[in-house]
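This report concerns only the one structure given below.
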Amino acid sequence: MAKLRRFWGWAIASMLFRLALIYFPRNLNFGFRPEIATPVTSLRRLAEGYWLKQSSMSPYAGSMYHGSPLLLSLLGPLTAKRFEGQPSHIACSLLFVVADLVTAMLIRTTGQYLQSAYSQSLKHLNLMRHLEASAFHPAGDIAALIYLWNPLTVAACVGSSTSPIENMMVALSLYGACLGLSPLAAFGWVAATHLSLYPAILIIPVILLLGYGPDSPPRKLFLGRNFGSSGYESLPQACHFSWRPAVYFILWASIWSFFVLVLCSISLMQYGGLFEMFRRTYGFILAIEDLSPNIGVLWYFFAEVFDFFRDFFLIVFHVNIMFMILPLAMRLNHRPCFLAFVYIAISSMLKSYPSVGDSALYFALLGWFVNELADMKCSFFLLCGYVGVTLLSPVMHNLWIWRGTGNANFYYATAMAYACLQIILVVESVSAMLHHDRTMKKSISQS
Amino acid sequence: MATADANAGVPSSQPSNPKPRPIVRIGTFLISHSALFSLICCAAGILALFLLPVLAKNTYVSENALMPGSANPMFSNHDTMEANRLVKDIMDLKLSSGIAGIEISNLLGKYMRERDADVYHHNFHVQKNQFHLGNFFSDSSYSWHMKENRSCSQYGINTVAIIRAPRGDGKEAIVLVSPYNSTNIRLSDALSLGLSYSIFSLLSRVNWLAKDIIWLAADSQYGEYASVAAWLKDYHNPSFLDSDKSDDCTCPESNALLSSKGQPNTGGSRFNVFRHAGTLAAALVFKVVDGKEETKDTLSIYAEASNGQMPNLDLINIVNYLAVHRQGLHVKVAKLYSVLNSAWLRTVGQIFEFIGKTAKIVNPQWGFGISAADYVEGTATLASSIYYQALGIPTGSHGAFRDYQIDAITLEMSPRFSLYNEVRRLDFLLRGGRLLEGVIRSVNNLLEKFHQSFFLYLLSAPSKFVSVGIYMIAFMLLIIPLPMVAASLYSGPNKRESSARTNNENPDTAAAIVTSSGSKSWKWLHAAKVVFVVHLWAGLVSLIPYLINQLPERTPTACMLVWVLLSFVSLIILYWIAGSPYSYKISHQSPNMEWAILKAVMISVASIGLGLMSIINYATAQIGAIFMVPMCLLAHPLKHAGNAGKLRVLSLTTSNMVLAVIGFPPAALLLVKGWLEGFDGVSFGDFWIWAETLWTWNSATYLYLVLIQLPCWVLCMHILLHP
């Protein structure tokens, strides 16, 4: 009970912290930072799109807005609302604070569910000694607190970018999938994909989650243990793929996407319809049209590359993500939530307009596996690296853009360092997870 | 750093891998001998710092388009007469104190209009810089200015004239600034106005101008910087809404005077309209001082802007080239005169001279030796260059331009003879005029912004510089031991523990291994928490002056006392909330290991902080590193020093105590001040006064001291007092 109260205390404190920061937005200017507001997620651009639409023009006119038309209808009226004496966009900022809280709650519940399911399957394997020996941390609480107190999340929330909403949709989808609620999972997945395209690859972990249930030790361990004693039927859910929720999910996903598309086409009826939307949102993301600096690695590359190689490299970079999907899915299919974390980390590294909001999400998901990843290597180095890069990036930007004494290479160097850190994080966490599986296998064979 | 830290966790956890990659082996080798290597690196860093004057290169004009001195000067004796006429007129003005400024600016306006220039008077209010957190690094275009109570008492008038270039498109402009004190005008001020005017009138006649010329006669009664900064702010952020109204309302009499005197027919408002030329390509601040030099007419160049930013080296190059080779002036940059007479520096110089000579005997092509006198001279100049950059306070009104990415320098001319000597004065004016004309003509040739030459450099003589590629070596050598020692401290306990574990390992307790290895990988969490709390506290400490500034009737000593008191109280409160750093004890973590890990985390954070600071302001980071690196490396608990020999314990303790004193910023300042000026005049409030100057100038040095050096010192204290 005391723990619960402590959790809520910290959660409320984080909300208050955000509100305090929202009240001084002009001192911070987070909304202008390229690390926080990308061309796809910037709320300033959304306000511009809304203004265009209000004056009976296509919201996509003039290459300012590149988000979803539905987001425009939801958030647009809020951007136009002004209160006397209050900072502009305060309504939206409050909405983002709420979105962050909801995301944290979803992450917490999912984490708690994951943990209880995991201890169930450990019991099944007679590995309870694991649980008793190691101090089992409350993974859900930790993940939620990481999400709420991560400076990157706070910056993304205060800096008026729409990534809190996108993160909420991803969390919703994973939550629905964990609890076996196909319609909810499908809704989250469709909404997240509609908003930022890259969560589309989460369809694999979501289906695996629905089919196999939440993360568990490797399936071979169950098979080796249980065949002798009681036969195939008594195996936990994790060992056979149940098709029914997966099919439901696909059905619901098609229903939801049909629904979303209809809404979009109604919203854009006079302005070129769905084709215009696809061209200006997904086309903008895939073709990397905006080469203004961000923390990703692609803008500099595509600013330098010769025009006739451009298409080739576009394909190479996007297929890069695709190449990693299948092997990872095969190796980690017994841990769909961890797979989702890896996918999100990889896509936030290779996406065309990354922002710190993406890293905020995968750090929180990392919190789910705090018990499994206890012996992750390089953790301290990663912390130092992230702190260093987060501080260095604005300084380099200042040196390049405002002082004029640096150049683009200075800033791009921090972007590359950031990408390297993400690679190290993914590699180390995956190898720690596999190592954990191996230890478990060893301890089973010993006993 | 990457390899060193990445390897920190590797060696113990992969016993099965018999032969790691070479880079890993190099890393482990370096880490295992970190004490030796850090000693070598630190010594090399200090040596490299002293070698900088030897390594300085001669400057050269890098941008071809500049072509300094390629045209014959058109500035003639006729123009000097013109200048003299204005000087006489200014000095003849009956200067009653109240309206003197207006009289002069009206006179200037009259002269400027004779040359068919666009003239206007720029009224400005002096805004006293208050402590405001958002001001650090805030870019001028986004910065948020507080509305303050404007009063007529702090009110100045700049007179501005613009010549439109006959060959230009009006997109670029060169600024000529001549500051003068309107309340107490002296002959030197009048001369700089006169000379600027004669240049201006010459430029209004020439046909080669491709950039507009703006002449800003800056009213410097509230400081040179304030007037120029106010004009630049209005130039770049035109305010359409309230400025005219408030100006007219608050100070009606000054406006009335200005308008009635100037042009009674057309009405004064015409001359209050702010006019623009194009983007400002470069700016020259021109001053005459009555210096009485010994041998030659002298030109002093001041270039340091806020936070150690410098103008492009090419600008200094052309000025230096024209002054030395065309006008025969003696060119100076600032020096630390106290360094010049130091005996040990001369000895160091003689050693370097000897080495250089010996090297020349061995191979005649090695010409790196410089004479001892040159070395001392170069060191004094370099020291002043580093000092002014580290302070982060601009050395003149040129600093205001750098905030808008405009290259600017101050040229300060002082004649050999008295300024009242009429004949000599004309000759002096001729030289100064030709120099200015040459520089403006050269800058006028530019096709793009200054970009060819260096922005990051230190001057060791007017014609010698040390570029970023060289001075960074000294800094890097000094800072490399930090990540190395952090890695060795971090991996040290790991090894000890794993070896202990292999000795008494029980094959059955697989789960126990999982546990212990888990806490091993994340064992830094507690230390990180302590470091984080201390840094959070430092952030609070940096904000406390904002509160103190709200107090009425404050003296520096009282402010300092309140600051220290509040800092101390907030530290205690934070520990009460987050738990004291010594409260954490778990059975398998020995106290020895605990402080080692705290030290590792502290050192990593310190190296991140120093690295960041070296990018923001190299000079601050260099000076800070000299204090901080030994303090970080030598920190050792006083209670646990007992294992080694007695001499070693004694020396370690003494050096720790000494470093603990000089590592604390206020103590260091007081010591330096006492050493330079005698300990009688030192008071407790001095640090407050100093810090106040730093934040009124938005110097990042303040942030460095409070956010990086102070928490590092506090953490060192923690380690020293570790139970």
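By convention here, the chains of the structure tokens are called A, B, ... in the order presented, each chain's residues are numbered starting at 1, and ligands are numbered starting at 1 in the order presented.
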
Quiz item: Which of stretch 109-311 of chain A counts as alpha helix (DSSP H) under DSSP, as a ChimeraX atom specification please?
Solution: /A:109-124,128-133,139-149,151-158,163-178,182-196,203-212,219-229,243-267,273-280,282-287,298-304,310-311

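For the set B:Ile393, B:Val443, B:Ile406, B:Leu193, the residue with the smallest atom-to-atom gap to B:Ile213 is B:Val443, counting only C-alpha atoms.
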
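Between atom CA of B:Ser418 and atom CA of B:Gly291 the separation is 8.2 Å.
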
Quiz item: Could you name the residues that touch A:Tyr212 at 12 Å or less, counting only C-alpha atoms, but leaving out those on the same chain fewer than 6 positions away, as a ChimeraX atom specification?
Solution: /A:117,177-180,204-206,218-219,235-246,333-337

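If only C-alpha atoms are the atoms counted, then among B:Gly396, B:Pro68, B:Gly579, B:Gly663 the closest residue to B:Pro179 is B:Gly396.
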
Self-check item: Residue nearest A:Ser93 - candidates A:Leu74, A:Ala80, A:Ala144, A:Val158, atoms counted: only C-alpha atoms
Solution: A:Val158

Exercise. Go through A:Pro217, A:Val319, A:Tyr343, A:Val356 one by one, measure the shortest atom-to-atom distance of each to A:Arg438 using only C-alpha atoms, and give the residue with the smallest value.
Key: A:Pro217

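Counting only C-alpha atoms, the residue from A:Leu71, A:Ile325, A:Leu145, A:Ile203 that sits nearest to A:Ala11 is A:Leu145.
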
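Atom CA of B:Arg434 is positioned 15.3 Å from atom CA of B:Met67.
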
Quiz item: Which residue gives the smallest distance to A:Tyr386 among B:Leu647, B:Ala161, B:Ile608, B:Ala281, with only C-alpha atoms counted?
Solution: B:Ile608

Quiz item: If you run DSSP on this backbone, which residues of stretch 400-639 of chain B come out as strand (DSSP E or B), and could you give them as a ChimeraX atom specification?
Solution: /B:407-414,457-461,464-467

Please produce a file of the residues just selected, as an mmCIF file, in the first residue's frame, where the atoms kept are N, CA and C atoms.
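File produced: part01.cif:
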data_model
loop_
_atom_site.group_PDB
_atom_site.id
_atom_site.type_symbol
_atom_site.label_atom_id
_atom_site.label_comp_id
_atom_site.auth_asym_id
_atom_site.auth_seq_id
_atom_site.Cartn_x
_atom_site.Cartn_y
_atom_site.Cartn_z
ATOM 1 N N ASP B 407 30.914 40.148 -37.817
ATOM 2 C CA ASP B 407 32.300 40.259 -37.384
ATOM 3 C C ASP B 407 32.615 41.712 -37.098
ATOM 4 N N ALA B 408 33.176 41.948 -35.932
ATOM 5 C CA ALA B 408 33.453 43.326 -35.562
ATOM 6 C C ALA B 408 34.689 43.367 -34.678
ATOM 7 N N ILE B 409 35.464 44.443 -34.791
ATOM 8 C CA ILE B 409 36.573 44.665 -33.862
ATOM 9 C C ILE B 409 36.602 46.133 -33.476
ATOM 10 N N THR B 410 37.271 46.372 -32.369
ATOM 11 C CA THR B 410 37.484 47.755 -31.952
ATOM 12 C C THR B 410 38.904 48.147 -32.298
ATOM 13 N N LEU B 411 39.053 49.307 -32.969
ATOM 14 C CA LEU B 411 40.377 49.842 -33.269
ATOM 15 C C LEU B 411 40.565 51.061 -32.380
ATOM 16 N N GLU B 412 41.603 51.022 -31.583
ATOM 17 C CA GLU B 412 41.829 52.134 -30.674
ATOM 18 C C GLU B 412 43.176 52.743 -31.021
ATOM 19 N N MET B 413 43.148 53.977 -31.512
ATOM 20 C CA MET B 413 44.405 54.600 -31.931
ATOM 21 C C MET B 413 44.882 55.562 -30.865
ATOM 22 N N SER B 414 46.157 55.503 -30.555
ATOM 23 C CA SER B 414 46.695 56.489 -29.636
ATOM 24 C C SER B 414 47.969 57.062 -30.249
ATOM 25 N N TYR B 457 40.191 30.701 -32.347
ATOM 26 C CA TYR B 457 41.638 30.858 -32.290
ATOM 27 C C TYR B 457 41.999 31.690 -31.077
ATOM 28 N N LEU B 458 43.279 31.652 -30.720
ATOM 29 C CA LEU B 458 43.806 32.528 -29.673
ATOM 30 C C LEU B 458 44.923 33.342 -30.311
ATOM 31 N N LEU B 459 45.019 34.602 -29.948
ATOM 32 C CA LEU B 459 46.086 35.421 -30.508
ATOM 33 C C LEU B 459 47.287 35.370 -29.573
ATOM 34 N N SER B 460 48.487 35.172 -30.128
ATOM 35 C CA SER B 460 49.672 35.264 -29.284
ATOM 36 C C SER B 460 50.519 36.463 -29.683
ATOM 37 N N ALA B 461 50.126 37.158 -30.700
ATOM 38 C CA ALA B 461 50.713 38.431 -31.118
ATOM 39 C C ALA B 461 49.737 38.955 -32.159
ATOM 40 N N LYS B 464 50.192 36.651 -34.959
ATOM 41 C CA LYS B 464 50.390 35.219 -34.691
ATOM 42 C C LYS B 464 49.168 34.656 -34.010
ATOM 43 N N PHE B 465 48.809 33.441 -34.353
ATOM 44 C CA PHE B 465 47.610 32.863 -33.760
ATOM 45 C C PHE B 465 47.813 31.373 -33.515
ATOM 46 N N VAL B 466 47.016 30.859 -32.579
ATOM 47 C CA VAL B 466 46.976 29.423 -32.307
ATOM 48 C C VAL B 466 45.580 28.969 -32.666
ATOM 49 N N SER B 467 45.473 28.033 -33.590
ATOM 50 C CA SER B 467 44.135 27.667 -34.045
ATOM 51 C C SER B 467 43.552 26.557 -33.181
#

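We find atom CA of B:Ser604 and atom CA of A:Ser379 to be spaced 13.4 Å apart.
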
Practice problem: Please provide as a PyMOL selection string all residues within 6 Å of stretch 712-722 of chain B, with the sequence filter that same-chain residues fewer than 2 positions apart are discarded (counting only C-alpha atoms). | Solution: chain B and resi 635-638+709-710

Practice problem: Please provide as a ChimeraX atom specification all residues within 6 Å of stretch 684-691 of chain B, with the sequence filter that same-chain residues fewer than 6 positions apart are discarded (counting only C-alpha atoms). | Solution: /B:556-557,560,666
